[in-house]
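Undergrad: So here's structure19.csv (CSV, C-alpha atoms (C1' of nucleotides)).
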chain,number,residue,atom,x,y,z
Q,2,MET,CA,23.1,-10.0,-7.8
Q,3,ALA,CA,21.4,-7.0,-9.3
Q,4,PRO,CA,17.8,-6.5,-8.2
Q,5,ARG,CA,15.1,-7.4,-10.7
Q,6,SER,CA,14.3,-4.9,-13.4
Q,7,CYS,CA,10.6,-4.3,-12.9
Q,8,SER,CA,7.9,-1.7,-13.6
Q,9,ILE,CA,6.6,-2.1,-10.1
Q,10,ALA,CA,9.9,-1.0,-8.8
Q,11,ASN,CA,10.0,1.8,-11.4
Q,12,ALA,CA,6.6,3.0,-10.4
Q,13,LEU,CA,7.5,3.0,-6.7
Q,14,GLU,CA,10.6,5.1,-7.5
Q,15,VAL,CA,8.2,7.8,-8.5
Q,16,VAL,CA,5.2,7.4,-6.2
Q,17,GLY,CA,6.5,5.0,-3.5
Q,18,GLU,CA,7.8,7.4,-0.9
Q,19,ARG,CA,5.8,8.2,2.1
Q,20,TRP,CA,3.1,10.9,1.5
Q,21,SER,CA,3.3,10.8,-2.3
Q,22,LEU,CA,0.2,8.6,-2.8
Q,23,LEU,CA,-1.7,10.5,-0.1
Q,24,ALA,CA,-0.9,13.8,-1.7
Q,25,LEU,CA,-2.2,12.4,-5.0
Q,26,ARG,CA,-5.3,11.2,-3.2
Q,27,GLU,CA,-6.0,14.8,-2.1
Q,28,VAL,CA,-5.6,16.1,-5.6
Q,29,PHE,CA,-8.1,13.5,-6.8
Q,30,PHE,CA,-10.4,14.8,-4.2
Q,31,GLY,CA,-10.0,18.3,-5.6
Q,32,ASN,CA,-7.8,19.6,-2.8
Q,33,THR,CA,-5.1,21.0,-5.0
Q,34,ARG,CA,-3.4,23.6,-2.8
Q,35,PHE,CA,-0.4,23.2,-0.7
Q,36,ASP,CA,-2.0,23.9,2.7
Q,37,GLN,CA,-5.0,21.7,1.9
Q,38,ILE,CA,-2.8,18.8,1.0
Q,39,ALA,CA,-0.6,19.3,4.1
Q,40,ALA,CA,-3.6,19.5,6.4
Q,41,TYR,CA,-5.6,16.5,5.0
Q,42,THR,CA,-2.6,14.2,4.7
Q,43,GLY,CA,-0.8,15.2,7.9
Q,44,ALA,CA,2.6,15.4,6.0
Q,45,SER,CA,5.1,17.9,7.3
Q,46,ARG,CA,5.5,20.9,5.1
Q,47,ASP,CA,9.1,20.4,4.1
Q,48,VAL,CA,8.6,16.7,3.1
Q,49,LEU,CA,5.4,17.6,1.3
Q,50,ALA,CA,7.2,20.3,-0.7
Q,51,ALA,CA,9.9,17.8,-1.7
Q,52,ARG,CA,7.3,15.2,-2.7
Q,53,LEU,CA,5.2,17.7,-4.8
Q,54,LYS,CA,8.4,18.9,-6.5
Q,55,LYS,CA,9.3,15.3,-7.4
Q,56,LEU,CA,5.8,14.5,-8.6
Q,57,VAL,CA,5.9,17.6,-10.8
Q,58,SER,CA,9.3,16.8,-12.3
Q,59,ALA,CA,8.2,13.2,-12.8
Q,60,GLY,CA,5.2,14.5,-14.9
Q,61,VAL,CA,2.5,13.2,-12.5
Q,62,LEU,CA,1.4,16.6,-11.3
Q,63,GLU,CA,1.7,20.1,-12.9
Q,64,LYS,CA,1.7,23.5,-11.3
Q,65,VAL,CA,-1.1,25.7,-12.6
Q,66,GLN,CA,-1.1,29.4,-11.7
Q,67,TYR,CA,-4.4,30.6,-10.3
Q,68,SER,CA,-3.3,34.0,-9.1
Q,69,SER,CA,-0.6,36.5,-9.9
Q,70,GLN,CA,0.1,39.0,-7.2
Q,71,PRO,CA,0.8,37.1,-5.2
Q,72,VAL,CA,1.8,34.3,-7.5
Q,73,ARG,CA,-0.1,31.2,-6.4
Q,74,HIS,CA,-0.3,27.7,-7.9
Q,75,GLU,CA,-2.5,24.7,-7.7
Q,76,TYR,CA,-1.3,21.2,-8.3
Q,77,HIS,CA,-3.2,19.5,-11.1
Q,78,LEU,CA,-3.1,16.0,-12.4
Q,79,THR,CA,-1.5,15.3,-15.7
Q,80,GLU,CA,-2.5,12.3,-17.8
Q,81,ALA,CA,0.0,10.2,-16.0
Q,82,GLY,CA,-1.4,11.4,-12.7
Q,83,ARG,CA,-5.0,10.5,-13.7
Q,84,ALA,CA,-3.7,7.1,-14.8
Q,85,LEU,CA,-2.9,6.4,-11.1
Q,86,HIS,CA,-6.5,6.4,-10.2
Q,87,PRO,CA,-6.9,2.7,-10.6
Q,88,VAL,CA,-4.0,2.1,-8.3
Q,89,LEU,CA,-5.5,4.2,-5.6
Q,90,LEU,CA,-8.9,2.6,-6.2
Q,91,MET,CA,-7.4,-0.9,-5.6
Q,92,LEU,CA,-5.4,0.2,-2.7
Q,93,LYS,CA,-8.5,1.7,-1.1
Q,94,GLU,CA,-10.4,-1.5,-1.8
Q,95,TRP,CA,-7.7,-3.6,-0.1
Q,96,GLY,CA,-7.6,-1.3,2.9
Q,97,ASP,CA,-11.4,-1.4,3.1
Q,98,GLN,CA,-11.3,-5.2,3.1
Q,99,TYR,CA,-8.3,-6.0,5.2
Q,100,VAL,CA,-7.2,-3.0,7.3
Q,101,THR,CA,-9.9,-0.5,8.1
Q,102,GLU,CA,-12.0,-1.4,11.1
Q,103,GLY,CA,-15.5,-0.3,11.7
Q,104,PRO,CA,-17.5,1.7,9.1
Q,105,LEU,CA,-15.7,2.6,5.9
Q,106,PRO,CA,-14.7,6.3,5.8
Q,107,LEU,CA,-15.6,6.5,2.1
Q,108,VAL,CA,-17.8,4.6,-0.2
Q,109,TYR,CA,-18.0,5.3,-4.0
Q,110,GLU,CA,-21.2,5.0,-6.0
Q,111,HIS,CA,-20.7,3.9,-9.6
Q,112,SER,CA,-22.7,5.5,-12.4
Q,113,CYS,CA,-24.7,2.2,-12.5
Q,114,GLY,CA,-26.2,3.1,-9.1
Q,115,ARG,CA,-24.4,0.5,-7.0
Q,116,ALA,CA,-21.7,0.9,-4.4
Q,117,LEU,CA,-18.5,0.3,-6.3
Q,118,GLU,CA,-16.8,-3.0,-5.9
Q,119,PRO,CA,-13.8,-2.7,-8.1
Q,120,ARG,CA,-12.5,-5.7,-10.1
Q,121,VAL,CA,-9.4,-5.9,-12.3
Q,122,VAL,CA,-10.3,-7.6,-15.6
Q,123,CYS,CA,-8.7,-8.3,-18.9
Q,124,ALA,CA,-9.5,-5.4,-21.3
Q,125,TYR,CA,-10.1,-7.9,-24.2
Q,126,CYS,CA,-12.2,-10.7,-22.8
Q,127,GLY,CA,-13.6,-9.0,-19.7
Q,128,GLU,CA,-12.7,-11.9,-17.5
Q,129,GLU,CA,-11.2,-11.3,-14.1
Q,130,ALA,CA,-7.4,-11.0,-14.1
Q,131,SER,CA,-6.9,-13.5,-11.3
Q,132,LEU,CA,-3.6,-14.8,-10.1
Q,133,GLU,CA,-4.3,-18.1,-11.7
Q,134,SER,CA,-5.4,-16.7,-15.1
Q,135,LEU,CA,-2.0,-15.2,-15.8
Q,136,THR,CA,1.2,-16.6,-17.2
Q,137,ARG,CA,4.5,-14.8,-18.0
Q,138,ALA,CA,4.7,-14.1,-21.6
Q,139,SER,CA,8.2,-12.7,-21.2
Q,140,GLN,CA,10.5,-14.1,-18.6
Q,141,PRO,CA,12.8,-11.8,-16.6
Q,142,VAL,CA,16.4,-12.9,-16.5
Q,143,HIS,CA,17.2,-15.0,-13.4
X,12,MET,CA,-6.4,19.6,11.8
X,13,ALA,CA,-6.4,15.8,12.0
X,14,PRO,CA,-5.4,14.0,8.8
X,15,ARG,CA,-8.2,12.3,6.8
X,16,SER,CA,-9.3,8.9,7.9
X,17,CYS,CA,-8.9,6.8,4.8
X,18,SER,CA,-8.5,3.2,3.8
X,19,ILE,CA,-5.7,4.3,1.4
X,20,ALA,CA,-3.7,5.6,4.4
X,21,ASN,CA,-4.5,2.5,6.4
X,22,ALA,CA,-3.3,0.3,3.6
X,23,LEU,CA,-0.1,2.3,3.3
X,24,GLU,CA,0.5,1.9,7.0
X,25,VAL,CA,0.8,-1.8,6.3
X,26,VAL,CA,2.4,-2.1,2.9
X,27,GLY,CA,3.5,1.5,2.2
X,28,GLU,CA,7.1,1.4,3.5
X,29,ARG,CA,10.0,0.9,1.2
X,30,TRP,CA,10.6,-2.7,0.1
X,31,SER,CA,7.3,-4.1,1.4
X,32,LEU,CA,5.5,-4.2,-2.0
X,33,LEU,CA,8.7,-5.4,-3.7
X,34,ALA,CA,9.0,-8.2,-1.2
X,35,LEU,CA,5.4,-9.2,-1.9
X,36,ARG,CA,6.1,-9.1,-5.6
X,37,GLU,CA,8.8,-11.7,-5.1
X,38,VAL,CA,6.5,-13.9,-3.1
X,39,PHE,CA,3.9,-13.6,-5.9
X,40,PHE,CA,6.7,-14.7,-8.2
X,41,GLY,CA,7.3,-17.8,-6.0
X,42,ASN,CA,10.5,-16.5,-4.4
X,43,THR,CA,9.5,-17.2,-0.9
X,44,ARG,CA,12.8,-17.4,1.0
X,45,PHE,CA,14.7,-14.7,2.7
X,46,ASP,CA,17.8,-14.8,0.6
X,47,GLN,CA,15.9,-14.9,-2.7
X,48,ILE,CA,13.8,-11.9,-1.6
X,49,ALA,CA,16.8,-10.0,-0.5
X,50,ALA,CA,18.7,-10.7,-3.8
X,51,TYR,CA,15.8,-10.0,-6.2
X,52,THR,CA,14.6,-6.8,-4.5
X,53,GLY,CA,18.0,-5.4,-3.5
X,54,ALA,CA,16.8,-4.6,0.0
X,55,SER,CA,19.3,-4.7,2.8
X,56,ARG,CA,18.9,-7.7,5.0
X,57,ASP,CA,18.1,-5.9,8.2
X,58,VAL,CA,15.4,-3.7,6.7
X,59,LEU,CA,14.0,-6.8,4.9
X,60,ALA,CA,13.8,-8.7,8.1
X,61,ALA,CA,11.9,-5.9,9.7
X,62,ARG,CA,9.5,-5.6,6.8
X,63,LEU,CA,8.8,-9.3,6.6
X,64,LYS,CA,8.2,-9.4,10.4
X,65,LYS,CA,5.7,-6.6,10.0
X,66,LEU,CA,3.9,-8.2,7.1
X,67,VAL,CA,3.6,-11.4,9.0
X,68,SER,CA,2.2,-9.7,12.1
X,69,ALA,CA,-0.2,-7.7,9.8
X,70,GLY,CA,-1.5,-11.0,8.4
X,71,VAL,CA,-0.3,-10.4,4.9
X,72,LEU,CA,2.3,-13.2,4.9
X,73,GLU,CA,2.8,-16.2,7.1
X,74,LYS,CA,5.9,-18.2,7.9
X,75,VAL,CA,5.7,-21.8,6.8
X,76,GLN,CA,8.3,-24.3,8.0
X,77,TYR,CA,9.9,-26.3,5.2
X,78,SER,CA,12.7,-27.9,7.1
X,79,SER,CA,13.5,-28.7,10.7
X,80,GLN,CA,17.1,-29.2,11.5
X,81,PRO,CA,17.9,-26.6,10.7
X,82,VAL,CA,14.6,-24.8,11.2
X,83,ARG,CA,13.9,-23.0,8.0
X,84,HIS,CA,10.8,-21.1,6.9
X,85,GLU,CA,9.3,-19.8,3.7
X,86,TYR,CA,7.0,-16.8,3.5
X,87,HIS,CA,3.6,-17.6,2.0
X,88,LEU,CA,0.8,-15.3,1.1
X,89,THR,CA,-2.3,-15.3,3.2
X,90,GLU,CA,-5.7,-14.4,1.8
X,91,ALA,CA,-5.1,-10.8,2.6
X,92,GLY,CA,-1.7,-11.1,0.8
X,93,ARG,CA,-3.2,-12.6,-2.3
X,94,ALA,CA,-5.8,-9.8,-2.3
X,95,LEU,CA,-2.9,-7.4,-2.9
X,96,HIS,CA,-2.4,-8.8,-6.4
X,97,PRO,CA,-4.7,-6.4,-8.1
X,98,VAL,CA,-2.8,-3.5,-6.5
X,99,LEU,CA,0.5,-4.8,-7.8
X,100,LEU,CA,-1.1,-5.4,-11.2
X,101,MET,CA,-2.3,-1.9,-11.6
X,102,LEU,CA,1.0,-0.5,-10.2
X,103,LYS,CA,2.9,-2.5,-12.8
X,104,GLU,CA,0.5,-1.3,-15.5
X,105,TRP,CA,1.1,2.3,-14.5
X,106,GLY,CA,4.9,1.7,-14.4
X,107,ASP,CA,4.7,0.0,-17.8
X,108,GLN,CA,2.8,3.0,-19.3
X,109,TYR,CA,4.4,6.0,-17.7
X,110,VAL,CA,7.8,5.1,-16.2
X,111,THR,CA,9.6,2.1,-17.7
X,112,GLU,CA,11.5,3.0,-20.8
X,113,GLY,CA,12.4,0.6,-23.6
X,114,PRO,CA,11.0,-2.9,-23.7
X,115,LEU,CA,8.9,-4.1,-20.8
X,116,PRO,CA,10.7,-6.4,-18.4
X,117,LEU,CA,7.6,-8.5,-18.0
X,118,VAL,CA,4.4,-9.1,-19.9
X,119,TYR,CA,1.5,-11.2,-18.6
X,120,GLU,CA,-0.6,-13.4,-20.9
X,121,HIS,CA,-4.2,-13.8,-19.8
X,122,SER,CA,-6.0,-17.1,-20.0
X,123,CYS,CA,-7.9,-15.7,-23.0
X,124,GLY,CA,-4.7,-15.7,-25.0
X,125,ARG,CA,-4.0,-12.0,-25.2
X,126,ALA,CA,-1.3,-10.0,-23.4
X,127,LEU,CA,-3.0,-8.6,-20.3
X,128,GLU,CA,-4.2,-5.1,-20.3
X,129,PRO,CA,-5.8,-4.7,-16.9
X,130,ARG,CA,-8.8,-2.5,-16.4
X,131,VAL,CA,-10.7,-1.7,-13.2
X,132,VAL,CA,-14.4,-2.2,-13.6
X,133,CYS,CA,-17.5,-2.2,-11.4
X,134,ALA,CA,-18.2,-5.8,-10.3
X,135,TYR,CA,-21.9,-5.4,-10.9
X,136,CYS,CA,-22.3,-3.7,-14.3
X,137,GLY,CA,-18.9,-4.5,-15.7
X,138,GLU,CA,-18.4,-0.9,-16.9
X,139,GLU,CA,-15.1,0.8,-16.3
X,140,ALA,CA,-14.7,2.5,-12.9
X,141,SER,CA,-13.4,5.7,-14.4
X,142,LEU,CA,-12.8,8.8,-12.4
X,143,GLU,CA,-16.0,10.5,-13.9
X,144,SER,CA,-18.2,7.5,-13.2
X,145,LEU,CA,-17.8,7.7,-9.5
X,146,THR,CA,-19.4,9.8,-6.8
X,147,ARG,CA,-19.0,9.8,-3.1
X,148,ALA,CA,-21.8,7.9,-1.5
X,149,SER,CA,-20.5,8.7,2.0
X,150,GLN,CA,-18.7,11.9,2.6
X,151,PRO,CA,-15.7,12.1,4.9
X,152,VAL,CA,-15.8,14.8,7.5
X,153,HIS,CA,-14.1,18.0,6.5
H,1,DG,C1',37.6,-33.7,12.1
H,2,DG,C1',38.5,-29.5,9.7
H,3,DA,C1',37.2,-26.4,5.7
H,4,DG,C1',33.8,-24.5,3.2
H,5,DG,C1',29.1,-23.6,1.9
H,6,DT,C1',24.0,-22.5,2.8
H,7,DA,C1',20.1,-20.3,5.2
H,8,DG,C1',18.3,-16.8,7.9
H,9,DG,C1',18.9,-13.6,10.2
H,10,DT,C1',21.3,-9.7,13.9
H,11,DT,C1',24.8,-6.2,15.0
H,12,DT,C1',27.5,-2.2,14.1
H,13,DG,C1',28.5,2.3,12.8
H,14,DA,C1',28.0,5.9,9.3
H,15,DT,C1',24.8,8.2,6.3
H,16,DT,C1',20.1,9.9,5.0
H,17,DT,C1',15.5,11.0,5.9
H,18,DC,C1',12.0,12.6,8.6
H,19,DC,C1',9.6,15.4,11.7
H,20,DC,C1',8.4,19.6,13.9
H,21,DA,C1',8.7,24.2,14.9
H,22,DA,C1',10.0,28.5,13.6
H,23,DC,C1',10.8,31.6,10.1
H,24,DC,C1',10.4,34.2,5.7
H,25,DC,C1',8.2,36.7,1.9
H,26,DA,C1',4.4,38.7,-0.7
H,27,DC,C1',0.4,40.1,-0.6
H,28,DT,C1',-4.7,41.2,1.3
H,29,DG,C1',-8.2,43.2,4.2
H,30,DA,C1',-9.6,45.9,8.3
F,13,DT,C1',-0.4,49.5,10.9
F,14,DC,C1',-1.3,45.0,12.1
F,15,DA,C1',-3.2,40.5,11.7
F,16,DG,C1',-4.0,36.8,8.5
F,17,DT,C1',-3.3,33.8,4.3
F,18,DG,C1',-0.7,31.0,1.1
F,19,DG,C1',3.4,28.7,-0.1
F,20,DG,C1',6.9,27.5,1.0
F,21,DT,C1',12.4,27.2,3.3
F,22,DT,C1',15.6,26.6,7.3
F,23,DG,C1',17.6,24.3,11.4
F,24,DG,C1',18.3,20.9,14.8
F,25,DG,C1',17.3,16.5,16.9
F,26,DA,C1',15.1,11.8,16.3
F,27,DA,C1',14.5,8.0,13.6
F,28,DA,C1',15.2,5.0,9.7
F,29,DT,C1',18.4,3.3,6.2
F,30,DC,C1',22.5,1.3,4.3
F,31,DA,C1',26.4,-2.0,3.6
F,32,DA,C1',29.3,-4.9,5.6
F,33,DA,C1',30.6,-7.9,9.0
F,34,DC,C1',29.2,-11.2,12.2
F,35,DC,C1',26.6,-15.2,14.3
F,36,DT,C1',24.2,-19.8,14.7
F,37,DA,C1',23.0,-24.1,13.0
F,38,DC,C1',23.3,-27.3,10.0
F,39,DC,C1',25.3,-30.1,5.8
F,40,DT,C1',28.8,-31.9,2.6
F,41,DC,C1',33.2,-33.1,1.1
F,42,DC,C1',37.7,-34.4,1.7
What's the structure tokens form of this structure?
TA:
Amino acid sequence: MAPRSCSIANALEVVGERWSLLALREVFFGNTRFDQIAAYTGASRDVLAARLKKLVSAGVLEKVQYSSQPVRHEYHLTEAGRALHPVLLMLKEWGDQYVTEGPLPLVYEHSCGRALEPRVVCAYCGEEASLESLTRASQPVH
Amino acid sequence: MAPRSCSIANALEVVGERWSLLALREVFFGNTRFDQIAAYTGASRDVLAARLKKLVSAGVLEKVQYSSQPVRHEYHLTEAGRALHPVLLMLKEWGDQYVTEGPLPLVYEHSCGRALEPRVVCAYCGEEASLESLTRASQPVH
DNA sequence: GGAGGTAGGTTTGATTTCCCAACCCACTGA
DNA sequence: TCAGTGGGTTGGGAAATCAAACCTACCTCC
């Protein structure tokens, strides 16, 4: 049997390897240079170089030159890269709730003044997109 | 330098390996048995067995017996497992928008009657939790 | 009672990754 | 000239992955 065709699997093809999402986390934090990303994630340099190359060719990051002589680049988020922020936000929330022990390493404050508790809602009605509120409108082939 | 302490990294320790999130996707779809998960994800059986074992010991899945003689189990979501649904939802949305080409393999209908467009919002004010609307309330050590 | 099928893995051996350390190159600054 | 920085690449050994075969325990059919 062929595995299911699925956007989750497609997404994981691009960002599902080890270190990819952590490298993106650093870019979201503003650490856009190779050595910073290597240090803050703990990834080995060769694997990190491969991951960054893949993320660039997938259109998630782009290399932006910040110096000639010597030629130096920073990794910046593309639109597709910025669109991954909700994924990281929900992954962080899950880690906060179910994995991290002790005080949370990072808490976000939302512009409304409260500590962020992220929720996924339907863009149209604003109601929570809970497991029970969803039905399949198109059925994958079984 | 020590890598950053971070709930994203902690979360990925649990569900970040290859096949883990796809196995969970199948359980969310109601395919709770070993052979179903293997077939629909495409994971090799030995790796899948290791992943399921890890997810069970991490408290994301639990084995529920559905037959004695022969002893057979299904993998069911725990509360922590169900809490991963928003992560998969946003990952699917990103894949839909930026990776999958052609018609989407799966569209959800929300209980309000519209095709789901998931958004991440602040639970208190209901406004979108955009990148710009967030500031760090606690700063990780640099 | 044997043959075949189902379910849930485990074992085996070959192939890929991953990790770490060392190295390289182009520059800068002292 | 010599150390340091930034951004990688290279090499070798350890670990993970893959596909296929195998195993156990049952059930069903003939």
Undergrad: Taking only C-alpha atoms (C1' of nucleotides) into account and nothing else, which residues of chain Q lie no more than 9 Å away from chain F? Please answer as a short mmCIF file (atom, residue, chain, number, x, y, z; two decimals) with C-alpha atoms, keeping the file's coordinate frame.
TA:
data_model
loop_
_atom_site.label_atom_id
_atom_site.label_comp_id
_atom_site.auth_asym_id
_atom_site.auth_seq_id
_atom_site.Cartn_x
_atom_site.Cartn_y
_atom_site.Cartn_z
CA ARG Q 34 -3.40 23.60 -2.80
CA PHE Q 35 -0.40 23.20 -0.70
CA ASP Q 36 -2.00 23.90 2.70
CA ARG Q 46 5.50 20.90 5.10
CA ASP Q 47 9.10 20.40 4.10
CA ALA Q 50 7.20 20.30 -0.70
CA PRO Q 71 0.80 37.10 -5.20
CA ARG Q 73 -0.10 31.20 -6.40
CA HIS Q 74 -0.30 27.70 -7.90
#
Undergrad: Mind fitting chain X to chain Q by least squares on all Cα atoms in order and giving back the moved coordinates as a short mmCIF file (atom, residue, chain, number, x, y, z; two decimals) with C-alpha atoms, in the frame of the given file?
TA:
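Saved as out.cif:
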data_model
loop_
_atom_site.label_atom_id
_atom_site.label_comp_id
_atom_site.auth_asym_id
_atom_site.auth_seq_id
_atom_site.Cartn_x
_atom_site.Cartn_y
_atom_site.Cartn_z
CA MET X 12 23.13 -10.02 -7.75
CA ALA X 13 21.40 -7.03 -9.35
CA PRO X 14 17.81 -6.44 -8.22
CA ARG X 15 15.03 -7.36 -10.70
CA SER X 16 14.18 -4.87 -13.36
CA CYS X 17 10.49 -4.31 -12.91
CA SER X 18 7.85 -1.76 -13.71
CA ILE X 19 6.54 -2.16 -10.11
CA ALA X 20 9.92 -0.94 -8.79
CA ASN X 21 10.03 1.83 -11.36
CA ALA X 22 6.60 2.99 -10.35
CA LEU X 23 7.59 2.96 -6.69
CA GLU X 24 10.62 5.06 -7.48
CA VAL X 25 8.18 7.75 -8.51
CA VAL X 26 5.21 7.42 -6.20
CA GLY X 27 6.50 4.94 -3.58
CA GLU X 28 7.84 7.36 -0.92
CA ARG X 29 5.82 8.28 2.08
CA TRP X 30 3.11 10.89 1.48
CA SER X 31 3.28 10.82 -2.33
CA LEU X 32 0.17 8.62 -2.86
CA LEU X 33 -1.66 10.46 -0.07
CA ALA X 34 -0.89 13.76 -1.72
CA LEU X 35 -2.27 12.43 -5.00
CA ARG X 36 -5.35 11.21 -3.21
CA GLU X 37 -6.03 14.76 -2.10
CA VAL X 38 -5.58 16.09 -5.59
CA PHE X 39 -8.03 13.42 -6.83
CA PHE X 40 -10.36 14.75 -4.16
CA GLY X 41 -9.98 18.31 -5.58
CA ASN X 42 -7.71 19.57 -2.79
CA THR X 43 -5.12 21.01 -5.02
CA ARG X 44 -3.34 23.59 -2.85
CA PHE X 45 -0.38 23.17 -0.65
CA ASP X 46 -2.01 23.96 2.63
CA GLN X 47 -5.04 21.76 1.97
CA ILE X 48 -2.74 18.85 1.04
CA ALA X 49 -0.62 19.35 4.05
CA ALA X 50 -3.67 19.52 6.42
CA TYR X 51 -5.60 16.55 4.95
CA THR X 52 -2.62 14.19 4.69
CA GLY X 53 -0.80 15.23 7.87
CA ALA X 54 2.53 15.43 6.08
CA SER X 55 5.07 17.89 7.32
CA ARG X 56 5.43 20.86 5.08
CA ASP X 57 9.03 20.37 4.13
CA VAL X 58 8.65 16.73 3.16
CA LEU X 59 5.43 17.67 1.26
CA ALA X 60 7.22 20.30 -0.67
CA ALA X 61 9.87 17.85 -1.67
CA ARG X 62 7.34 15.24 -2.71
CA LEU X 63 5.26 17.64 -4.75
CA LYS X 64 8.44 18.94 -6.49
CA LYS X 65 9.31 15.38 -7.38
CA LEU X 66 5.88 14.53 -8.68
CA VAL X 67 5.89 17.59 -10.82
CA SER X 68 9.31 16.83 -12.30
CA ALA X 69 8.15 13.16 -12.84
CA GLY X 70 5.19 14.47 -14.86
CA VAL X 71 2.57 13.21 -12.50
CA LEU X 72 1.35 16.66 -11.40
CA GLU X 73 1.78 20.09 -12.86
CA LYS X 74 1.69 23.50 -11.25
CA VAL X 75 -1.08 25.71 -12.54
CA GLN X 76 -1.11 29.41 -11.69
CA TYR X 77 -4.41 30.62 -10.25
CA SER X 78 -3.37 34.02 -9.08
CA SER X 79 -0.61 36.48 -9.83
CA GLN X 80 0.10 39.00 -7.18
CA PRO X 81 0.77 37.09 -5.19
CA VAL X 82 1.86 34.26 -7.46
CA ARG X 83 -0.04 31.24 -6.34
CA HIS X 84 -0.26 27.78 -7.90
CA GLU X 85 -2.48 24.75 -7.67
CA TYR X 86 -1.31 21.21 -8.37
CA HIS X 87 -3.26 19.51 -11.16
CA LEU X 88 -3.09 15.98 -12.36
CA THR X 89 -1.51 15.26 -15.68
CA GLU X 90 -2.51 12.29 -17.80
CA ALA X 91 0.03 10.17 -16.08
CA GLY X 92 -1.42 11.38 -12.72
CA ARG X 93 -4.95 10.53 -13.65
CA ALA X 94 -3.74 7.08 -14.76
CA LEU X 95 -2.84 6.46 -11.11
CA HIS X 96 -6.52 6.38 -10.16
CA PRO X 97 -6.95 2.70 -10.64
CA VAL X 98 -3.97 2.09 -8.33
CA LEU X 99 -5.50 4.22 -5.61
CA LEU X 100 -8.85 2.50 -6.18
CA MET X 101 -7.52 -0.94 -5.67
CA LEU X 102 -5.37 0.22 -2.70
CA LYS X 103 -8.47 1.66 -1.06
CA GLU X 104 -10.37 -1.55 -1.81
CA TRP X 105 -7.66 -3.60 -0.14
CA GLY X 106 -7.59 -1.18 2.85
CA ASP X 107 -11.39 -1.35 3.04
CA GLN X 108 -11.32 -5.21 3.09
CA TYR X 109 -8.31 -6.05 5.18
CA VAL X 110 -7.22 -3.04 7.28
CA THR X 111 -9.89 -0.45 8.08
CA GLU X 112 -11.97 -1.42 11.04
CA GLY X 113 -15.52 -0.26 11.71
CA PRO X 114 -17.47 1.67 9.12
CA LEU X 115 -15.73 2.69 5.93
CA PRO X 116 -14.68 6.32 5.80
CA LEU X 117 -15.62 6.52 2.16
CA VAL X 118 -17.80 4.60 -0.25
CA TYR X 119 -17.95 5.27 -3.99
CA GLU X 120 -21.19 4.97 -5.98
CA HIS X 121 -20.71 3.90 -9.58
CA SER X 122 -22.67 5.43 -12.40
CA CYS X 123 -24.69 2.20 -12.54
CA GLY X 124 -26.18 3.01 -9.17
CA ARG X 125 -24.44 0.45 -7.00
CA ALA X 126 -21.68 1.01 -4.43
CA LEU X 127 -18.44 0.33 -6.29
CA GLU X 128 -16.77 -2.95 -5.90
CA PRO X 129 -13.75 -2.69 -8.17
CA ARG X 130 -12.44 -5.69 -10.02
CA VAL X 131 -9.42 -5.97 -12.32
CA VAL X 132 -10.29 -7.61 -15.58
CA CYS X 133 -8.63 -8.29 -18.93
CA ALA X 134 -9.54 -5.45 -21.33
CA TYR X 135 -10.13 -7.86 -24.16
CA CYS X 136 -12.23 -10.73 -22.77
CA GLY X 137 -13.59 -8.97 -19.73
CA GLU X 138 -12.78 -11.95 -17.47
CA GLU X 139 -11.16 -11.35 -14.13
CA ALA X 140 -7.35 -11.07 -14.15
CA SER X 141 -6.94 -13.47 -11.27
CA LEU X 142 -3.61 -14.73 -10.12
CA GLU X 143 -4.29 -18.25 -11.72
CA SER X 144 -5.35 -16.78 -15.05
CA LEU X 145 -2.04 -15.24 -15.77
CA THR X 146 1.23 -16.57 -17.13
CA ARG X 147 4.44 -14.88 -17.94
CA ALA X 148 4.66 -14.19 -21.61
CA SER X 149 8.17 -12.74 -21.25
CA GLN X 150 10.43 -14.04 -18.59
CA PRO X 151 12.73 -11.75 -16.64
CA VAL X 152 16.32 -12.82 -16.44
CA HIS X 153 17.19 -14.81 -13.38
#
Undergrad: Given a cut-off of 12 Å, which residues of chain H touch chain X, counting all atoms listed in the file, written out as an MDAnalysis selection string?
TA: chainID H and resid 6:12
Undergrad: Between CA of Ala116 (chain Q) and CA of His96 (chain X), measure the distance and give it in Å to one decimal.
TA: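 Taking CA of Ala116 (chain Q) as the start and CA of His96 (chain X) as the end point, the length is 21.7 Å.
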Undergrad: Which one is closest to Lys64 (chain Q): Q:Thr33, Q:Thr101, Q:Thr42, Q:Ser131? Count all atoms listed in the file.
TA: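 Looking at the shortest contact to Lys64 (chain Q), the residue is Q:Thr33.
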Undergrad: Write out as a PyMOL selection string which residues come within 12 Å of Leu127 (chain X) when counting all atoms listed in the file, dropping same-chain ones fewer than 5 positions away.
TA: (chain Q and resi 121-132+134-139) or (chain X and resi 100-101+103-104+107+117-122)
Undergrad: State, in Å with one decimal place, the distance from CA of Glu80 (chain Q) to CA of Phe29 (chain Q).
TA: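 Taking CA of Glu80 (chain Q) and CA of Phe29 (chain Q), their separation equals 12.4 Å.
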Undergrad: Can you work out which one of X:Glu112, X:Leu102, X:Val38, X:Gln47 has the shortest atom-to-atom distance to chain Q, counting all atoms listed in the file?
TA: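 Smallest separation from chain Q among the options: X:Leu102.
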Undergrad: What does the distance between CA of Ala20 (chain X) and CA of Gly96 (chain Q) come to in Å, to one decimal place?
TA: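 These two atoms are separated by 8.1 Å.
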Undergrad: Skip Glu24 (chain X) itself and residues of its chain fewer than 6 positions away, then list as an MDAnalysis selection string all residues within 12 Å of it, counting all atoms listed in the file.
TA: (chainID Q and resid 19:20 22:23 92 96 99:101) or (chainID X and resid 17:18 31:32 62 65:66 69)
